[in-house]
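Pasted below: protein_32.cif, mmCIF, C-alpha atoms.
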```cif
data_upload
#
loop_
_atom_site.label_atom_id
_atom_site.label_comp_id
_atom_site.auth_asym_id
_atom_site.auth_seq_id
_atom_site.Cartn_x
_atom_site.Cartn_y
_atom_site.Cartn_z
CA MET A 1 -1.19 13.99 -7.11
CA SER A 2 -3.94 16.57 -7.33
CA GLN A 3 -7.62 16.03 -6.61
CA ALA A 4 -8.23 16.38 -10.35
CA ASN A 5 -5.83 13.47 -10.98
CA LEU A 6 -7.57 11.37 -8.33
CA ASP A 7 -10.94 12.16 -9.93
CA VAL A 8 -9.62 10.97 -13.31
CA TYR A 9 -8.25 7.81 -11.68
CA LYS A 10 -11.61 7.10 -10.00
CA ALA A 11 -13.45 7.66 -13.29
CA SER A 12 -11.06 5.23 -15.00
CA LEU A 13 -11.64 2.64 -12.26
CA ASP A 14 -15.40 3.09 -12.67
CA GLU A 15 -15.09 2.45 -16.42
CA ILE A 16 -13.05 -0.71 -15.83
CA VAL A 17 -15.53 -1.94 -13.20
CA ALA A 18 -18.38 -1.49 -15.70
CA TRP A 19 -16.46 -3.21 -18.51
CA LEU A 20 -14.73 -6.04 -16.63
CA PRO A 21 -17.76 -8.30 -15.96
CA GLU A 22 -18.59 -8.27 -19.69
CA PHE A 23 -15.05 -9.19 -20.63
CA VAL A 24 -14.55 -11.81 -17.91
CA GLU A 25 -17.42 -13.99 -19.10
CA GLY A 26 -15.55 -16.98 -20.49
CA ASN A 27 -12.15 -15.34 -19.98
CA ALA A 28 -9.96 -15.16 -16.93
CA LEU A 29 -8.58 -11.71 -16.32
CA GLU A 30 -6.50 -10.41 -13.46
CA LEU A 31 -6.05 -6.71 -12.83
CA SER A 32 -4.08 -6.80 -9.59
CA PHE A 33 -5.18 -3.36 -8.43
CA LEU A 34 -8.83 -4.55 -8.59
CA THR A 35 -9.04 -8.32 -8.54
CA ASP A 36 -6.40 -9.00 -5.86
CA ARG A 37 -8.61 -7.43 -3.19
CA LEU A 38 -11.33 -9.95 -4.09
CA ILE A 39 -9.14 -12.86 -3.00
CA LEU A 40 -7.09 -11.36 -0.16
CA ASN A 41 -7.98 -11.83 3.50
CA GLU A 42 -5.04 -9.87 4.84
CA PRO A 43 -2.55 -7.25 3.66
CA ASN A 44 -0.34 -8.35 0.78
CA HIS A 45 2.49 -5.84 0.91
CA CYS A 46 5.96 -6.31 -0.51
CA GLU A 47 7.44 -6.81 2.98
CA ALA A 48 10.54 -4.80 2.02
CA GLY A 49 13.09 -5.05 4.82
CA VAL A 50 10.97 -7.59 6.70
CA LYS A 51 10.99 -10.63 4.42
CA ASN A 52 12.70 -9.21 1.32
CA LEU A 53 15.84 -7.24 0.56
CA THR A 54 17.50 -6.10 -2.65
CA LEU A 55 21.07 -7.02 -3.48
CA SER A 56 22.49 -4.78 -6.18
CA LEU A 57 25.02 -5.81 -8.81
CA ASP A 58 27.76 -3.97 -6.91
CA GLY A 59 27.15 -6.12 -3.79
CA ARG A 60 25.24 -3.62 -1.64
CA PHE A 61 21.99 -4.38 0.18
CA TYR A 62 18.94 -2.09 0.12
CA LEU A 63 15.45 -2.30 1.59
CA CYS A 64 14.07 -2.35 -1.96
CA PRO A 65 15.13 -1.38 -5.51
CA GLY A 66 13.68 2.13 -5.06
CA PHE A 67 16.32 2.91 -2.44
CA MET A 68 19.01 1.53 -4.73
CA TYR A 69 18.23 4.07 -7.44
CA ASP A 70 17.49 6.98 -5.12
CA ASP A 71 20.79 8.06 -3.50
CA PRO A 72 22.53 4.65 -3.41
CA GLU A 73 25.40 5.80 -1.19
CA LYS A 74 23.07 7.08 1.51
CA ASN A 75 20.53 4.26 1.29
CA ALA A 76 22.80 1.21 1.21
CA LEU A 77 22.28 -0.91 4.32
CA THR A 78 25.56 -2.78 4.05
CA ASP A 79 27.61 -4.77 1.56
CA LEU A 80 27.84 -8.46 0.77
CA ASP A 81 31.27 -8.92 2.36
CA THR A 82 29.99 -7.57 5.69
CA VAL A 83 26.93 -9.81 5.57
CA LEU A 84 29.07 -12.86 4.86
CA LYS A 85 31.25 -12.02 7.88
CA THR A 86 28.52 -11.01 10.34
CA HIS A 87 25.61 -13.14 9.06
CA GLU A 88 23.22 -10.22 9.36
CA VAL A 89 21.97 -7.19 7.48
CA PRO A 90 21.83 -4.20 9.82
CA ILE A 91 18.53 -2.38 9.46
CA LYS A 92 18.04 0.59 11.78
CA ASN A 93 14.64 0.64 13.48
CA LYS A 94 13.59 -2.53 11.66
CA GLN A 95 10.39 -2.68 13.70
CA LEU A 96 9.13 0.37 11.80
CA LEU A 97 8.94 -1.72 8.63
CA LYS A 98 6.41 -4.07 10.23
CA LEU A 99 2.69 -3.54 9.90
CA ASP A 100 2.13 -3.43 13.67
CA HIS A 101 4.30 -0.29 13.81
CA ALA A 102 2.38 1.50 11.07
CA PRO A 103 -0.64 3.03 12.83
CA ILE A 104 -2.29 4.22 9.63
CA CYS A 105 -1.86 0.87 7.88
CA GLU A 106 -2.39 -1.68 10.63
CA ASN A 107 -6.19 -1.33 10.68
CA CYS A 108 -6.66 -0.76 6.96
CA ASP A 109 -8.46 -3.30 4.76
CA ALA A 110 -7.19 -2.07 1.40
CA TYR A 111 -5.24 -5.32 1.31
CA GLN A 112 -4.13 -4.86 -2.30
CA CYS A 113 -2.26 -1.66 -1.32
CA ARG A 114 1.40 -1.78 -2.15
CA ARG A 115 2.38 -0.03 1.11
CA CYS A 116 5.58 1.07 -0.52
CA VAL A 117 8.20 1.87 2.12
CA TRP A 118 10.33 3.69 -0.47
CA LEU A 119 7.44 5.94 -1.48
CA ASN A 120 6.54 6.40 2.20
CA LYS A 121 10.06 7.59 2.94
CA LYS A 122 10.16 9.79 -0.14
CA THR A 123 6.83 11.51 0.52
CA THR A 124 6.53 11.57 4.32
CA LEU A 125 10.15 11.00 5.44
CA GLU A 126 8.98 7.94 7.42
CA VAL A 127 9.06 4.32 6.20
CA ASN A 128 5.91 3.40 8.15
CA THR A 129 3.77 6.39 7.18
CA PRO A 130 2.10 6.41 3.77
CA SER A 131 1.28 9.58 1.91
CA ARG A 132 -2.31 10.67 1.49
CA GLN A 133 -1.91 9.93 -2.24
CA GLN A 134 -1.08 6.28 -1.59
CA CYS A 135 -3.98 5.82 0.81
CA VAL A 136 -6.56 7.54 -1.37
CA MET A 137 -5.50 5.57 -4.46
CA ALA A 138 -5.59 2.28 -2.52
CA HIS A 139 -9.06 3.08 -1.18
CA LEU A 140 -10.37 4.07 -4.59
CA GLU A 141 -9.15 0.66 -5.82
CA ARG A 142 -10.60 -1.09 -2.75
CA ASN A 143 -14.00 0.52 -3.33
CA ALA A 144 -13.90 -0.33 -7.03
CA SER A 145 -13.19 -3.96 -6.06
CA ARG A 146 -16.24 -3.82 -3.80
CA ASP A 147 -18.29 -2.66 -6.79
CA LEU A 148 -17.15 -5.77 -8.71
CA ILE A 149 -18.54 -8.26 -6.18
CA GLU A 150 -22.13 -8.27 -7.46
CA PRO A 151 -21.47 -8.26 -11.23
CA LEU A 152 -18.89 -11.03 -10.89
CA TYR A 153 -21.25 -13.10 -8.68
CA VAL A 154 -18.68 -13.58 -5.92
CA GLY A 155 -20.82 -12.21 -3.07
CA ASP A 156 -20.90 -15.60 -1.35
CA LEU A 157 -17.10 -15.66 -1.32
CA VAL A 158 -16.12 -12.03 -0.77
CA GLN A 159 -17.29 -9.34 1.60
CA ILE A 160 -15.80 -5.85 1.57
CA ALA A 161 -17.47 -3.47 3.99
CA GLU A 162 -18.75 -0.12 2.82
CA ILE A 163 -16.74 2.79 4.20
CA ASP A 164 -17.20 6.55 4.08
CA TYR A 165 -13.58 7.66 3.87
CA LEU A 166 -10.66 7.41 1.45
CA ASP A 167 -7.78 8.21 3.80
CA PRO A 168 -7.45 6.06 6.95
CA PHE A 169 -5.46 8.88 8.55
CA ASP A 170 -8.73 10.81 8.81
CA GLU A 171 -10.30 7.88 10.69
CA LEU A 172 -7.27 7.56 12.96
CA MET A 173 -7.48 11.26 13.82
CA LYS A 174 -11.20 10.94 14.64
CA LYS A 175 -10.39 8.19 17.15
CA LYS A 176 -7.63 10.29 18.75
CA GLN A 177 -9.75 13.47 18.90
CA PRO A 178 -11.73 14.13 22.09
CA LYS A 179 -15.50 13.96 21.57
CA GLY A 180 -17.04 17.15 20.28
CA GLU A 181 -13.82 18.61 18.88
CA LYS A 182 -13.49 19.14 15.15
CA VAL A 183 -10.65 17.43 13.27
CA ASP A 184 -8.61 19.99 11.35
CA GLU A 185 -7.89 19.37 7.68
CA CYS A 186 -4.24 18.73 6.89
#
```

Would you give me this structure, written as structure tokens?
Amino acid sequence: MSQANLDVYKASLDEIVAWLPEFVEGNALELSFLTDRLILNEPNHCEAGVKNLTLSLDGRFYLCPGFMYDDPEKNALTDLDTVLKTHEVPIKNKQLLKLDHAPICENCDAYQCRRCVWLNKKTTLEVNTPSRQQCVMAHLERNASRDLIEPLYVGDLVQIAEIDYLDPFDELMKKKQPKGEKVDEC
């Protein structure tokens, strides 16, 4: 996704944020990419491979449906017969699917982010590392949700801190960088 695409997405979010309070008056409306962040106190990811698995019609297990459609032979974890015999689904490096093994995600407060392990793997070759695109989109949505707090009169219920970044990787790199050294752009 190019910067131009992200700019269009942000402009669209800004339009929705301006329109939503007018529409909501007297109507309940949920736009998960905006309103979920207003009610979440912790990450709400799909938990693929941690709490959820996909069983395909041919009896094979996958971390999620994305893996089922993207090279099914390579991405199948096991089959139903094996699971019935062994009582387990073998997942290599299962710890990497957990939030505490995702250094970019574990300190992030874009709780509505989908943290898609399939898209992570597809774009970064790692299940626990999101692409810049995912992070920037999630933070644009997070910031748009923050802009909704005042017009929806939920300030007593919701607090979303102001931040000056869109990609948590940049913040992580600042913490890892010795004082006085410049962080290189990726």

Problem - the PyMOL selection byres ((chain A and resi 45) around 6) applied to the shown file, residues as a PyMOL selection string - result: chain A and resi 43-44+46-47+114-115

Exercise for the section: Taking the file as shown, find all residues satisfying the PyMOL selection byres ((chain A and resi 50-62) around 9) and write them as a list of chain:residue names. Expected result: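 So the PyMOL selection byres ((chain A and resi 50-62) around 9), applied here, picks out A:Cys46, A:Glu47, A:Ala48, A:Gly49, A:Leu63, A:Cys64, A:Pro65, A:Gly66, A:Phe67, A:Met68, A:Pro72, A:Asn75, A:Ala76, A:Leu77, A:Thr78, A:Asp79, A:Leu80, A:Asp81, A:Val89, A:Lys94, A:Gln95, A:Leu97, A:Lys98.
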
Exercise for the section: Just say which residues the PyMOL selection byres ((chain A and resi 119) around 12) picks in this file, as a list in words. Expected result: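 In the shown coordinates, the PyMOL selection byres ((chain A and resi 119) around 12) covers Ala48, Leu63, Cys64, Pro65, Gly66, Phe67, Asp70, Arg114, Arg115, Cys116, Val117, Trp118, Asn120, Lys121, Lys122, Thr123, Thr124, Leu125, Glu126, Val127, Asn128, Thr129, Pro130, Ser131, Arg132, Gln133, Gln134 and Cys135 of chain A.
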
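Between atom CA of Glu30 of chain A and atom CA of Leu152 of chain A the interatomic distance comes to 12.7 Å.
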
Practice task
Using only C-alpha atoms, determine which residues lie at most 8 Å from Leu140 of chain A, disregarding the query and same-chain residues fewer than 6 positions distant; provide the list as a PyMOL selection string.
Solution key: chain A and resi 10+13+166

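Counting from atom CA of Ala138 of chain A, the distance to atom CA of Gln112 of chain A is 7.3 Å.
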
Handout entry: Nearest to Leu99 of chain A, chosen from A:Tyr111, A:Asp36, A:Arg142, A:Lys74, with all atoms listed in the file counted in the distances
Key = A:Tyr111

Fill in the blank from the handout: note - atom CA of Asn27 of chain A and atom CA of Tyr153 of chain A are separated by 14.7 Å

Exercise for the section: Skip Ser2 of chain A itself and residues of its chain fewer than 5 positions away, then list as a VMD selection string all residues within 12 Å of it, counting only C-alpha atoms. Expected result: chain A and resid 7 to 9 132 to 133 136 to 137

Practice task
Would you please work out which residue, of A:Leu84, A:Ile160, A:Leu31, A:Leu148, is nearest to Asp14 of chain A when using only C-alpha atoms?
Solution key: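 Result for the nearest residue to Asp14 of chain A: A:Leu148.
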
Taking all listed atoms of segment 126-133 of chain A, build the axis-aligned box, pad each of the six sides by 3 Å, then write its centre and edge lengths in Å to one decimal as AutoDock Vina command-line options.
```
--center_x 3.4 --center_y 7.0 --center_z 3.0 --size_x 17.4 --size_y 13.3 --size_z 16.4
```

Practice task
Find, counting all atoms listed in the file, the residue in A:Glu22, A:Glu150, A:Glu42, A:Glu15 that gets nearest to Cys105 of chain A.
Solution key: A:Glu42

Problem - Residue nearest Arg37 of chain A among A:Ala18, A:Ile149, A:Asp156, A:Lys175 (counting only C-alpha atoms) - result: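 Among A:Ala18, A:Ile149, A:Asp156, A:Lys175, it is A:Ile149 that comes nearest to Arg37 of chain A.
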
Practice task
Rank nothing, just name the residue among A:Asp100, A:Met173, A:Ile39, A:Ala11 nearest to Val154 of chain A, using only C-alpha atoms.
Solution key: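 Nearest to Val154 of chain A: A:Ile39.
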